[in-house]
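Chemist: What follows is coords.cif, mmCIF, C-alpha atoms.
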data_run
loop_
_atom_site.label_atom_id
_atom_site.label_comp_id
_atom_site.auth_asym_id
_atom_site.auth_seq_id
_atom_site.Cartn_x
_atom_site.Cartn_y
_atom_site.Cartn_z
CA MET A 1424 49.51 -41.56 -35.87
CA SER A 1425 46.37 -40.63 -33.94
CA SER A 1426 46.21 -37.43 -31.91
CA GLY A 1427 46.21 -39.42 -28.69
CA GLN A 1428 49.47 -41.21 -29.44
CA LYS A 1429 52.83 -39.86 -28.35
CA LYS A 1430 55.54 -39.32 -30.92
CA ILE A 1431 58.39 -41.82 -30.54
CA THR A 1432 61.65 -39.94 -30.17
CA LEU A 1433 65.25 -41.04 -30.59
CA LYS A 1434 65.60 -40.90 -26.81
CA ASN A 1435 62.63 -43.27 -26.51
CA ARG A 1436 64.28 -45.73 -28.87
CA ILE A 1437 67.61 -45.59 -27.02
CA GLU A 1438 65.86 -46.16 -23.68
CA TYR A 1439 63.91 -49.05 -25.14
CA GLY A 1440 67.10 -50.57 -26.58
CA ILE A 1441 68.76 -50.40 -23.16
CA PHE A 1442 65.67 -51.98 -21.63
CA LEU A 1443 65.73 -54.85 -24.14
CA PHE A 1444 69.42 -55.43 -23.40
CA MET A 1445 68.69 -55.58 -19.66
CA LEU A 1446 65.73 -57.85 -20.35
CA GLY A 1447 67.83 -60.32 -22.32
CA SER A 1448 70.65 -60.22 -19.77
CA ALA A 1449 68.31 -60.81 -16.84
CA ARG A 1450 66.70 -63.81 -18.50
CA LEU A 1451 70.08 -65.45 -19.04
CA MET A 1452 70.93 -65.20 -15.34
CA PRO A 1453 70.03 -67.64 -12.57
CA LEU A 1454 67.49 -66.11 -10.20
CA LYS A 1455 69.93 -65.92 -7.26
CA LEU A 1456 72.46 -63.99 -9.34
CA ALA A 1457 69.75 -61.66 -10.64
CA TYR A 1458 68.66 -60.84 -7.09
CA PHE A 1459 72.27 -60.31 -6.03
CA LEU A 1460 72.81 -57.84 -8.88
CA ALA A 1461 69.51 -56.15 -8.03
CA GLU A 1462 70.69 -55.56 -4.47
CA LEU A 1463 74.00 -54.27 -5.79
CA GLY A 1464 72.19 -51.98 -8.21
CA GLY A 1465 69.99 -50.67 -5.41
CA SER A 1466 73.05 -49.94 -3.31
CA LEU A 1467 74.72 -48.03 -6.14
CA LEU A 1468 71.53 -46.13 -6.91
CA PHE A 1469 71.26 -45.14 -3.25
CA ILE A 1470 74.77 -43.67 -3.45
CA VAL A 1471 74.46 -41.77 -6.74
CA ASP A 1472 70.83 -40.61 -6.68
CA LEU A 1473 71.19 -37.96 -3.99
CA LYS A 1474 67.85 -36.32 -4.70
CA HIS A 1475 65.71 -39.42 -4.19
CA ARG A 1476 67.92 -40.82 -1.42
CA ASN A 1477 67.53 -37.67 0.65
CA ARG A 1478 63.83 -37.46 -0.08
CA ALA A 1479 63.31 -41.10 0.95
CA ILE A 1480 65.13 -40.55 4.26
CA GLN A 1481 63.12 -37.38 4.90
CA HIS A 1482 59.88 -39.23 4.23
CA VAL A 1483 60.74 -42.13 6.52
CA LEU A 1484 61.41 -39.64 9.32
CA HIS A 1485 58.28 -37.65 8.44
CA SER A 1486 56.12 -40.76 8.74
CA GLY A 1487 57.36 -41.40 12.27
CA ILE A 1488 57.70 -45.12 11.54
CA VAL A 1489 61.23 -45.16 13.03
CA GLY A 1490 60.70 -42.22 15.34
CA LYS A 1491 63.46 -39.62 14.95
CA ASP A 1492 66.26 -42.16 14.48
CA LYS A 1493 68.13 -40.91 11.39
CA GLU A 1494 70.29 -44.03 11.10
CA LYS A 1495 67.24 -46.30 11.06
CA ALA A 1496 65.60 -44.00 8.52
CA LYS A 1497 68.68 -44.21 6.32
CA GLU A 1498 68.73 -48.00 6.63
CA MET A 1499 65.05 -48.28 5.67
CA ALA A 1500 65.50 -45.96 2.70
CA TYR A 1501 68.51 -48.02 1.61
CA LYS A 1502 66.49 -51.26 1.74
CA SER A 1503 63.68 -49.55 -0.16
CA PHE A 1504 66.08 -48.80 -3.02
CA GLN A 1505 67.23 -52.43 -3.04
CA ASN A 1506 63.67 -53.72 -3.06
CA MET A 1507 62.78 -51.36 -5.91
CA CYS A 1508 65.57 -52.94 -7.97
CA LYS A 1509 64.39 -56.43 -6.97
CA TYR A 1510 60.93 -55.53 -8.22
CA PHE A 1511 62.39 -54.38 -11.53
CA THR A 1512 64.40 -57.62 -11.80
CA GLU A 1513 61.26 -59.68 -11.16
CA LEU A 1514 59.48 -57.68 -13.83
CA LEU A 1515 62.21 -58.54 -16.35
CA LYS A 1516 62.16 -62.24 -15.44
CA MET A 1517 58.38 -62.50 -15.01
CA PRO A 1518 57.73 -64.53 -18.20
CA GLN A 1519 60.25 -67.11 -16.97
CA LEU A 1520 59.00 -67.25 -13.39
CA ALA A 1521 55.30 -66.52 -13.30
CA ASP A 1522 53.50 -69.58 -14.64
CA GLU A 1523 50.28 -70.72 -13.00
CA GLU A 1524 51.85 -73.59 -11.06
CA THR A 1525 54.65 -71.40 -9.70
CA ILE A 1526 52.24 -68.67 -8.61
CA ARG A 1527 50.08 -71.16 -6.72
CA LYS A 1528 53.17 -72.67 -5.08
CA LYS A 1529 55.16 -69.52 -4.35
CA ILE A 1530 52.46 -67.19 -3.06
CA LYS A 1531 51.08 -67.68 0.43
CA VAL A 1532 47.60 -66.20 0.79
CA SER A 1533 47.16 -64.51 4.19
CA TRP A 1534 43.95 -62.59 3.64
CA CYS A 1535 41.50 -62.25 6.50
CA GLN A 1536 38.94 -65.05 6.77
CA GLU A 1537 36.13 -62.99 5.27
CA LEU A 1538 38.17 -62.35 2.13
CA LYS A 1539 39.11 -66.02 1.86
CA ASP A 1540 35.43 -66.99 2.18
CA THR A 1541 34.06 -64.51 -0.36
CA VAL A 1542 36.78 -63.60 -2.87
CA LYS A 1543 35.95 -66.36 -5.36
CA ASP A 1544 32.26 -65.40 -5.56
CA GLN A 1545 32.29 -61.68 -4.81
CA PRO A 1546 33.73 -58.96 -7.08
CA TYR A 1547 35.93 -56.43 -5.33
CA ILE A 1548 37.36 -52.99 -5.90
CA ILE A 1549 40.97 -53.93 -5.20
CA ILE A 1550 43.40 -51.31 -3.98
CA THR A 1551 47.10 -51.98 -3.72
CA ALA A 1552 50.30 -50.00 -3.22
CA HIS A 1553 53.81 -49.69 -4.63
CA CYS A 1554 55.00 -52.24 -2.09
CA GLY A 1555 56.52 -55.67 -2.72
CA ASN A 1556 55.52 -56.74 -6.24
CA TRP A 1557 52.34 -55.00 -7.36
CA GLU A 1558 52.69 -56.30 -10.94
CA LEU A 1559 52.55 -59.94 -9.89
CA ALA A 1560 49.60 -59.22 -7.57
CA GLY A 1561 47.12 -58.97 -10.45
CA PHE A 1562 48.10 -62.33 -11.93
CA ALA A 1563 48.09 -63.91 -8.48
CA TYR A 1564 44.61 -62.61 -7.69
CA SER A 1565 43.13 -64.03 -10.90
CA ILE A 1566 44.84 -67.39 -10.50
CA HIS A 1567 43.95 -67.84 -6.83
CA THR A 1568 40.33 -66.71 -7.25
CA GLY A 1569 39.49 -67.80 -10.79
CA ARG A 1570 38.02 -64.33 -11.41
CA THR A 1571 38.92 -61.86 -14.14
CA LEU A 1572 40.55 -58.58 -13.15
CA LEU A 1573 40.83 -55.21 -14.89
CA SER A 1574 43.72 -53.05 -13.67
CA ALA A 1575 44.29 -49.33 -14.17
CA MET A 1576 47.69 -48.53 -15.69
CA ARG A 1577 49.44 -45.16 -15.77
CA ASP A 1578 50.99 -44.57 -19.18
CA LEU A 1579 54.77 -44.20 -19.11
CA ASP A 1580 56.55 -41.27 -20.71
CA ASN A 1581 58.21 -43.68 -23.15
CA PRO A 1582 55.43 -45.13 -25.39
CA LEU A 1583 57.56 -48.13 -26.40
CA LEU A 1584 58.14 -49.14 -22.78
CA SER A 1585 54.52 -48.40 -21.95
CA LYS A 1586 53.30 -50.68 -24.74
CA TYR A 1587 55.66 -53.50 -23.73
CA ILE A 1588 54.67 -53.40 -20.06
CA ALA A 1589 50.96 -53.17 -20.86
CA GLU A 1590 51.14 -56.23 -23.12
CA ASN A 1591 53.03 -58.22 -20.50
CA ARG A 1592 50.52 -57.34 -17.80
CA ILE A 1593 47.85 -59.30 -19.64
CA GLY A 1594 47.15 -62.98 -18.97
CA TRP A 1595 45.28 -65.51 -16.81
CA GLY A 1596 42.17 -63.32 -16.80
CA HIS A 1597 44.11 -60.15 -15.96
CA ARG A 1598 43.65 -57.15 -18.28
CA VAL A 1599 44.72 -53.51 -18.16
CA PHE A 1600 43.49 -50.13 -19.35
CA SER A 1601 44.99 -46.65 -19.36
CA ARG A 1602 44.11 -44.32 -16.51
CA ASN A 1603 43.68 -41.65 -19.16
CA GLU A 1604 40.38 -43.33 -20.02
CA GLY A 1605 38.97 -42.21 -16.67
CA ILE A 1606 36.51 -44.00 -14.44
CA LYS A 1607 34.18 -45.36 -17.14
CA PRO A 1608 36.01 -48.67 -17.93
CA MET A 1609 36.13 -49.51 -14.22
CA LEU A 1610 32.44 -48.75 -13.73
CA LEU A 1611 31.47 -50.88 -16.73
CA GLU A 1612 33.57 -53.79 -15.42
CA LEU A 1613 31.98 -53.60 -11.98
CA LYS A 1614 28.52 -53.60 -13.57
CA LYS A 1615 29.51 -56.91 -15.19
CA ASN A 1616 30.12 -58.28 -11.69
CA GLN A 1617 33.90 -58.38 -12.23
CA SER A 1618 36.76 -57.04 -10.10
CA ILE A 1619 38.99 -54.05 -10.80
CA ALA A 1620 42.36 -53.04 -9.34
CA ILE A 1621 43.89 -49.63 -8.68
CA VAL A 1622 47.33 -48.75 -7.32
CA ALA A 1623 46.26 -45.90 -5.06
CA ASP A 1624 49.10 -44.97 -2.71
CA GLN A 1625 50.44 -41.95 -4.61
CA HIS A 1626 49.63 -38.26 -4.37
CA ALA A 1627 46.35 -37.27 -6.07
CA GLY A 1628 45.91 -33.91 -7.78
CA THR A 1629 43.43 -31.32 -6.60
CA ASN A 1630 40.71 -32.39 -9.00
CA GLU A 1631 41.25 -36.12 -8.41
CA GLY A 1632 41.41 -36.51 -4.67
CA VAL A 1633 40.45 -35.60 -1.15
CA GLU A 1634 42.59 -34.77 1.85
CA VAL A 1635 43.28 -37.60 4.27
CA GLU A 1636 45.74 -38.47 7.01
CA PHE A 1637 48.52 -40.90 6.12
CA PHE A 1638 50.88 -41.89 8.93
CA GLY A 1639 49.26 -39.03 10.85
CA LYS A 1640 50.25 -36.41 8.26
CA PRO A 1641 48.13 -34.64 5.63
CA ALA A 1642 48.05 -36.20 2.17
CA ARG A 1643 45.70 -36.21 -0.80
CA ALA A 1644 44.38 -39.61 -1.92
CA HIS A 1645 42.50 -40.67 -5.03
CA ALA A 1646 38.73 -40.39 -4.68
CA SER A 1647 37.82 -42.77 -7.53
CA PRO A 1648 37.81 -45.98 -5.42
CA ALA A 1649 35.42 -44.36 -2.96
CA SER A 1650 33.20 -43.04 -5.77
CA LEU A 1651 33.03 -46.48 -7.38
CA HIS A 1652 32.21 -48.12 -4.06
CA LEU A 1653 29.43 -45.64 -3.33
CA LYS A 1654 27.99 -45.98 -6.85
CA THR A 1655 28.01 -49.79 -6.97
CA GLY A 1656 28.03 -51.03 -3.38
CA ILE A 1657 30.87 -53.42 -4.32
CA PRO A 1658 33.24 -53.74 -1.32
CA ILE A 1659 36.84 -52.54 -1.30
CA MET A 1660 39.70 -54.97 -0.75
CA VAL A 1661 43.09 -53.49 0.19
CA THR A 1662 46.02 -55.85 -0.34
CA ILE A 1663 49.75 -56.02 -1.04
CA LEU A 1664 52.03 -58.80 -2.25
CA LYS A 1665 54.92 -58.85 0.21
CA ARG A 1666 58.28 -60.30 -0.91
CA LEU A 1667 59.50 -62.97 1.52
CA ASP A 1668 62.97 -63.82 0.22
CA ASN A 1669 65.28 -63.90 -2.79
CA ASP A 1670 63.66 -67.01 -4.23
CA PHE A 1671 60.46 -65.49 -5.67
CA ASN A 1672 58.32 -66.30 -2.62
CA PHE A 1673 55.58 -63.87 -1.63
CA GLU A 1674 52.72 -63.40 0.80
CA PHE A 1675 49.34 -61.90 -0.12
CA LEU A 1676 48.24 -59.69 2.78
CA GLY A 1677 44.76 -58.22 3.24
CA PHE A 1678 42.48 -57.04 6.04
CA GLU A 1679 38.69 -56.91 6.36
CA PRO A 1680 36.88 -55.59 3.27
CA ILE A 1681 35.54 -52.06 3.41
CA ARG A 1682 31.75 -51.73 3.25
CA TYR A 1683 30.24 -48.31 3.85
CA THR A 1684 26.59 -47.22 3.97
CA PRO A 1685 26.13 -43.81 2.32
CA THR A 1686 24.70 -41.03 4.50
CA GLY A 1687 23.49 -38.87 1.62
CA ASP A 1688 26.31 -36.37 2.05
CA LYS A 1689 28.36 -37.28 -1.04
CA LYS A 1690 31.38 -35.16 -0.17
CA ALA A 1691 31.59 -36.51 3.39
CA ASP A 1692 30.99 -40.09 2.25
CA ILE A 1693 33.79 -39.95 -0.33
CA GLN A 1694 36.19 -38.48 2.22
CA LYS A 1695 35.29 -41.13 4.79
CA VAL A 1696 35.73 -44.09 2.42
CA THR A 1697 38.98 -42.65 1.07
CA GLN A 1698 40.30 -42.35 4.62
CA LEU A 1699 39.24 -45.93 5.37
CA TYR A 1700 41.19 -47.38 2.45
CA THR A 1701 44.15 -45.08 3.16
CA ASP A 1702 44.24 -46.39 6.74
CA GLN A 1703 44.45 -49.96 5.45
CA ILE A 1704 47.24 -49.07 3.01
CA GLU A 1705 49.18 -47.61 5.94
CA LYS A 1706 48.65 -50.74 8.04
CA LEU A 1707 49.90 -52.95 5.22
CA ILE A 1708 52.95 -50.77 4.57
CA ARG A 1709 53.81 -51.03 8.27
CA LEU A 1710 54.06 -54.82 7.77
CA ALA A 1711 56.75 -54.37 5.09
CA PRO A 1712 57.95 -50.74 5.27
CA GLU A 1713 61.31 -51.47 3.62
CA GLN A 1714 59.43 -52.65 0.50
CA TRP A 1715 57.47 -49.41 -0.05
CA LEU A 1716 58.77 -46.71 -2.41
CA TRP A 1717 59.61 -43.98 0.08
CA PRO A 1718 60.86 -41.42 -2.50
CA HIS A 1719 57.24 -40.78 -3.56
CA ARG A 1720 56.16 -37.23 -2.68
CA ARG A 1721 53.13 -38.49 -0.78
CA TRP A 1722 52.51 -35.81 1.83
CA LEU A 1723 51.22 -32.25 1.50
CA ASP A 1724 53.41 -30.80 4.27
CA ILE A 1725 56.87 -31.89 3.10
CA ASN A 1726 58.87 -31.42 -0.11
CA ARG A 1727 56.34 -29.00 -1.59
CA LYS A 1728 57.02 -25.66 -3.26
CA THR A 1729 54.51 -23.80 -1.14
CA PRO A 1730 53.72 -24.18 2.59
CA TYR A 1731 50.85 -26.48 3.44
CA VAL A 1732 47.63 -24.80 4.57
CA LYS A 1733 44.80 -27.06 5.65
CA LYS A 1734 41.63 -26.54 3.64
CA ASP A 1735 38.31 -28.31 3.25
CA SER A 1736 38.67 -31.47 1.17
CA LYS A 1737 37.17 -31.23 -2.30
CA VAL A 1738 36.74 -33.83 -4.99
CA ASN A 1739 36.50 -31.16 -7.69
CA GLY A 1740 37.82 -28.10 -5.98
CA THR A 1741 40.13 -25.18 -6.53
CA GLU A 1742 42.38 -25.29 -3.48
CA ASN A 1743 46.14 -24.91 -3.93
CA GLU A 1744 47.94 -27.99 -5.25
CA ASN A 1745 50.96 -27.38 -2.98
CA THR A 1746 53.30 -29.08 -5.47
#
Could the structure of this file be written out as structure tokens, please?
Modeler:
Amino acid sequence: MSSGQKKITLKNRIEYGIFLFMLGSARLMPLKLAYFLAELGGSLLFIVDLKHRNRAIQHVLHSGIVGKDKEKAKEMAYKSFQNMCKYFTELLKMPQLADEETIRKKIKVSWCQELKDTVKDQPYIIITAHCGNWELAGFAYSIHTGRTLLSAMRDLDNPLLSKYIAENRIGWGHRVFSRNEGIKPMLLELKKNQSIAIVADQHAGTNEGVEVEFFGKPARAHASPASLHLKTGIPIMVTILKRLDNDFNFEFLGFEPIRYTPTGDKKADIQKVTQLYTDQIEKLIRLAPEQWLWPHRRWLDINRKTPYVKKDSKVNGTENENT
């Protein structure tokens, strides 16, 4: 075993065995039944997982998306749990459902006209969010555009699950790499005139991100997409794959690509581009808020161990992490 590999524990093997059982069971079920059980599972999870249920409700209220209406916040958090389980069900059944013909038929592309006109010929730095089905989005992009795509993947705590998911994310020109490898694989891919994809809606650590506003509240977002854009000049495309129903139909949503001319102030430029892509993520989430994972600890001024104190944004700084 190399030093970079995690030791496989008995717990890992038990978790993986349970996963394989769920995988086999899901593939035996008709799609409608699988979605029904996913909704039921989401409902049960919402009842028993008090920690994440309460956090999700708090975050919905904190965002202001439903104002101060606690019942609406609870309803949105509840639907978020159900959609999370639908996503997991789709992941289990993906090999059965996601062939090239089905993806072309089942996914409606609703990108802005500029994206539609350029996406087949122009590489993009693609940013997406944990909303709808972000796994299927990579396959769909490659199939609809005919371009290869390299996606960043966060390694899971369970190396067996991590290996399985990584292997099943590959196909139709879509490849993955571990985020632990840093920015280099993405930069090399962009230099080959190919697209890359990053899921960039989660909290970034002090040394990885810059402070931005997200739903009008302070958050820290990943700086790497902005750094790559400023280094290469390749535009940023922010998109999500919104679930439309319980029949594996989706809609690809995306606004105008982000193109930014550097001013020479690297710190300010990175902060500006990061805010621009964060604004587009917010706009897309507002189109399907019940499909976003609200339990994420996204903001700096809620559910943190220490009080939030606004400080100058730093890409490689020493300000408090507030976690």
Chemist: Can you list what the PyMOL selection byres ((chain A and resi 1683-1698) around 10) grabs from this structure, as a ChimeraX atom specification?
Modeler: /A:1632-1637,1643-1654,1656-1659,1680-1682,1699-1704,1736-1739
Chemist: For a quick check of your reading of the model, name the residues lying within 10 Å of the coordinate (44.6, -55.1, 8.9), counting only C-alpha atoms, and write them as a VMD selection string.
Modeler: chain A and resid 1534 to 1535 1661 to 1662 1676 to 1680 1702 to 1707 1710
Chemist: Might you spell out which residues the PyMOL selection byres ((chain A and resi 1609) around 10) would select in the displayed file, as a PyMOL selection string?
Modeler: chain A and resi 1548+1573-1575+1600+1602+1604-1608+1610-1615+1617-1621+1647-1648+1651
Chemist: How would you write, as a ChimeraX atom specification, the residues chosen by the PyMOL selection byres ((chain A and resi 1557) around 12) on this structure?
Modeler: /A:1507,1510-1511,1513-1514,1549-1556,1558-1564,1574-1576,1592,1620-1624,1662-1666,1673-1676,1714-1716
Chemist: Which residue is closest to Arg1450 of chain A? Choose from A:Ile1566, A:Cys1508, A:Leu1433, A:Leu1520 and count all atoms listed in the file.
Modeler: A:Leu1520
Chemist: List as a PyMOL selection string the protein and nucleic acid residues near Gly1464 of chain A, meaning an atom at most 10 Å away when all atoms listed in the file are counted, but skip any in the same chain fewer than 5 places from it.
Modeler: chain A and resi 1458-1459+1469-1470+1504-1505+1507-1509
Chemist: Let me see the file: selected residues, C-alpha atoms, as a PDB file, in the coordinates of the input.
Modeler:
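Contents of selection-v6.pdb, freshly written:
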ATOM      1  CA  TYR A1458      68.660 -60.840  -7.090  1.00  0.00           C
ATOM      2  CA  PHE A1459      72.270 -60.310  -6.030  1.00  0.00           C
ATOM      3  CA  PHE A1469      71.260 -45.140  -3.250  1.00  0.00           C
ATOM      4  CA  ILE A1470      74.770 -43.670  -3.450  1.00  0.00           C
ATOM      5  CA  PHE A1504      66.080 -48.800  -3.020  1.00  0.00           C
ATOM      6  CA  GLN A1505      67.230 -52.430  -3.040  1.00  0.00           C
ATOM      7  CA  MET A1507      62.780 -51.360  -5.910  1.00  0.00           C
ATOM      8  CA  CYS A1508      65.570 -52.940  -7.970  1.00  0.00           C
ATOM      9  CA  LYS A1509      64.390 -56.430  -6.970  1.00  0.00           C
TER      10      LYS A1509
END
Chemist: Would you mind reading off the distance between atom CA of Leu1584 of chain A and atom CA of Phe1442 of chain A, one decimal, in Å?
Modeler: 8.1 Å
Chemist: As JSON, please report the centre and edge lengths, rounded to one decimal in Å, of the axis-aligned box that holds all listed atoms of segment 1681-1699 of chain A with 5 Å of padding on each of the six sides.
Modeler:
{"center_x": 31.9, "center_y": -43.6, "center_z": 2.2, "size_x": 26.8, "size_y": 26.9, "size_z": 16.4}
Chemist: Could you please fill out segment 1434-1461 of chain A with N, CA and C atoms and send it back as an mmCIF file, in the coordinates of the input?
Modeler:
data_model
loop_
_atom_site.group_PDB
_atom_site.id
_atom_site.type_symbol
_atom_site.label_atom_id
_atom_site.label_comp_id
_atom_site.auth_asym_id
_atom_site.auth_seq_id
_atom_site.Cartn_x
_atom_site.Cartn_y
_atom_site.Cartn_z
ATOM 1 N N LYS A 1434 65.348 -40.574 -28.219
ATOM 2 C CA LYS A 1434 65.600 -40.900 -26.810
ATOM 3 C C LYS A 1434 64.763 -42.103 -26.384
ATOM 4 N N ASN A 1435 63.496 -42.137 -26.825
ATOM 5 C CA ASN A 1435 62.630 -43.270 -26.510
ATOM 6 C C ASN A 1435 63.219 -44.574 -27.031
ATOM 7 N N ARG A 1436 63.736 -44.536 -28.257
ATOM 8 C CA ARG A 1436 64.280 -45.730 -28.870
ATOM 9 C C ARG A 1436 65.559 -46.194 -28.165
ATOM 10 N N ILE A 1437 66.389 -45.243 -27.757
ATOM 11 C CA ILE A 1437 67.610 -45.590 -27.020
ATOM 12 C C ILE A 1437 67.259 -46.225 -25.679
ATOM 13 N N GLU A 1438 66.301 -45.609 -24.969
ATOM 14 C CA GLU A 1438 65.860 -46.160 -23.680
ATOM 15 C C GLU A 1438 65.296 -47.563 -23.852
ATOM 16 N N TYR A 1439 64.523 -47.739 -24.905
ATOM 17 C CA TYR A 1439 63.910 -49.050 -25.140
ATOM 18 C C TYR A 1439 64.978 -50.085 -25.499
ATOM 19 N N GLY A 1440 65.996 -49.662 -26.255
ATOM 20 C CA GLY A 1440 67.100 -50.570 -26.580
ATOM 21 C C GLY A 1440 67.848 -51.008 -25.334
ATOM 22 N N ILE A 1441 68.102 -50.063 -24.428
ATOM 23 C CA ILE A 1441 68.760 -50.400 -23.160
ATOM 24 C C ILE A 1441 67.899 -51.366 -22.356
ATOM 25 N N PHE A 1442 66.593 -51.103 -22.348
ATOM 26 C CA PHE A 1442 65.670 -51.980 -21.630
ATOM 27 C C PHE A 1442 65.707 -53.403 -22.195
ATOM 28 N N LEU A 1443 65.698 -53.523 -23.521
ATOM 29 C CA LEU A 1443 65.730 -54.850 -24.140
ATOM 30 C C LEU A 1443 67.041 -55.577 -23.829
ATOM 31 N N PHE A 1444 68.143 -54.821 -23.767
ATOM 32 C CA PHE A 1444 69.420 -55.430 -23.400
ATOM 33 C C PHE A 1444 69.370 -55.959 -21.972
ATOM 34 N N MET A 1445 68.822 -55.146 -21.057
ATOM 35 C CA MET A 1445 68.690 -55.580 -19.660
ATOM 36 C C MET A 1445 67.757 -56.765 -19.551
ATOM 37 N N LEU A 1446 66.696 -56.743 -20.355
ATOM 38 C CA LEU A 1446 65.730 -57.850 -20.350
ATOM 39 C C LEU A 1446 66.406 -59.153 -20.760
ATOM 40 N N GLY A 1447 67.151 -59.123 -21.862
ATOM 41 C CA GLY A 1447 67.830 -60.320 -22.320
ATOM 42 C C GLY A 1447 68.871 -60.813 -21.338
ATOM 43 N N SER A 1448 69.617 -59.858 -20.741
ATOM 44 C CA SER A 1448 70.650 -60.220 -19.770
ATOM 45 C C SER A 1448 70.044 -60.874 -18.541
ATOM 46 N N ALA A 1449 68.954 -60.286 -18.046
ATOM 47 C CA ALA A 1449 68.310 -60.810 -16.840
ATOM 48 C C ALA A 1449 67.791 -62.228 -17.057
ATOM 49 N N ARG A 1450 67.280 -62.496 -18.235
ATOM 50 C CA ARG A 1450 66.700 -63.810 -18.500
ATOM 51 C C ARG A 1450 67.756 -64.894 -18.670
ATOM 52 N N LEU A 1451 68.979 -64.479 -18.935
ATOM 53 C CA LEU A 1451 70.080 -65.450 -19.040
ATOM 54 C C LEU A 1451 70.642 -65.815 -17.669
ATOM 55 N N MET A 1452 70.347 -65.003 -16.668
ATOM 56 C CA MET A 1452 70.930 -65.200 -15.340
ATOM 57 C C MET A 1452 70.108 -66.152 -14.483
ATOM 58 N N PRO A 1453 70.758 -66.916 -13.615
ATOM 59 C CA PRO A 1453 70.030 -67.640 -12.570
ATOM 60 C C PRO A 1453 69.354 -66.626 -11.641
ATOM 61 N N LEU A 1454 68.262 -67.025 -11.040
ATOM 62 C CA LEU A 1454 67.490 -66.110 -10.200
ATOM 63 C C LEU A 1454 68.318 -65.540 -9.057
ATOM 64 N N LYS A 1455 69.123 -66.378 -8.392
ATOM 65 C CA LYS A 1455 69.930 -65.920 -7.260
ATOM 66 C C LYS A 1455 70.894 -64.812 -7.687
ATOM 67 N N LEU A 1456 71.530 -64.997 -8.843
ATOM 68 C CA LEU A 1456 72.460 -63.990 -9.340
ATOM 69 C C LEU A 1456 71.716 -62.696 -9.692
ATOM 70 N N ALA A 1457 70.532 -62.838 -10.280
ATOM 71 C CA ALA A 1457 69.750 -61.660 -10.640
ATOM 72 C C ALA A 1457 69.378 -60.850 -9.409
ATOM 73 N N TYR A 1458 68.992 -61.551 -8.332
ATOM 74 C CA TYR A 1458 68.660 -60.840 -7.090
ATOM 75 C C TYR A 1458 69.904 -60.186 -6.479
ATOM 76 N N PHE A 1459 71.034 -60.880 -6.546
ATOM 77 C CA PHE A 1459 72.270 -60.310 -6.030
ATOM 78 C C PHE A 1459 72.619 -59.016 -6.765
ATOM 79 N N LEU A 1460 72.514 -59.034 -8.085
ATOM 80 C CA LEU A 1460 72.810 -57.840 -8.880
ATOM 81 C C LEU A 1460 71.773 -56.744 -8.632
ATOM 82 N N ALA A 1461 70.544 -57.142 -8.346
ATOM 83 C CA ALA A 1461 69.510 -56.150 -8.030
ATOM 84 C C ALA A 1461 69.853 -55.431 -6.729
#
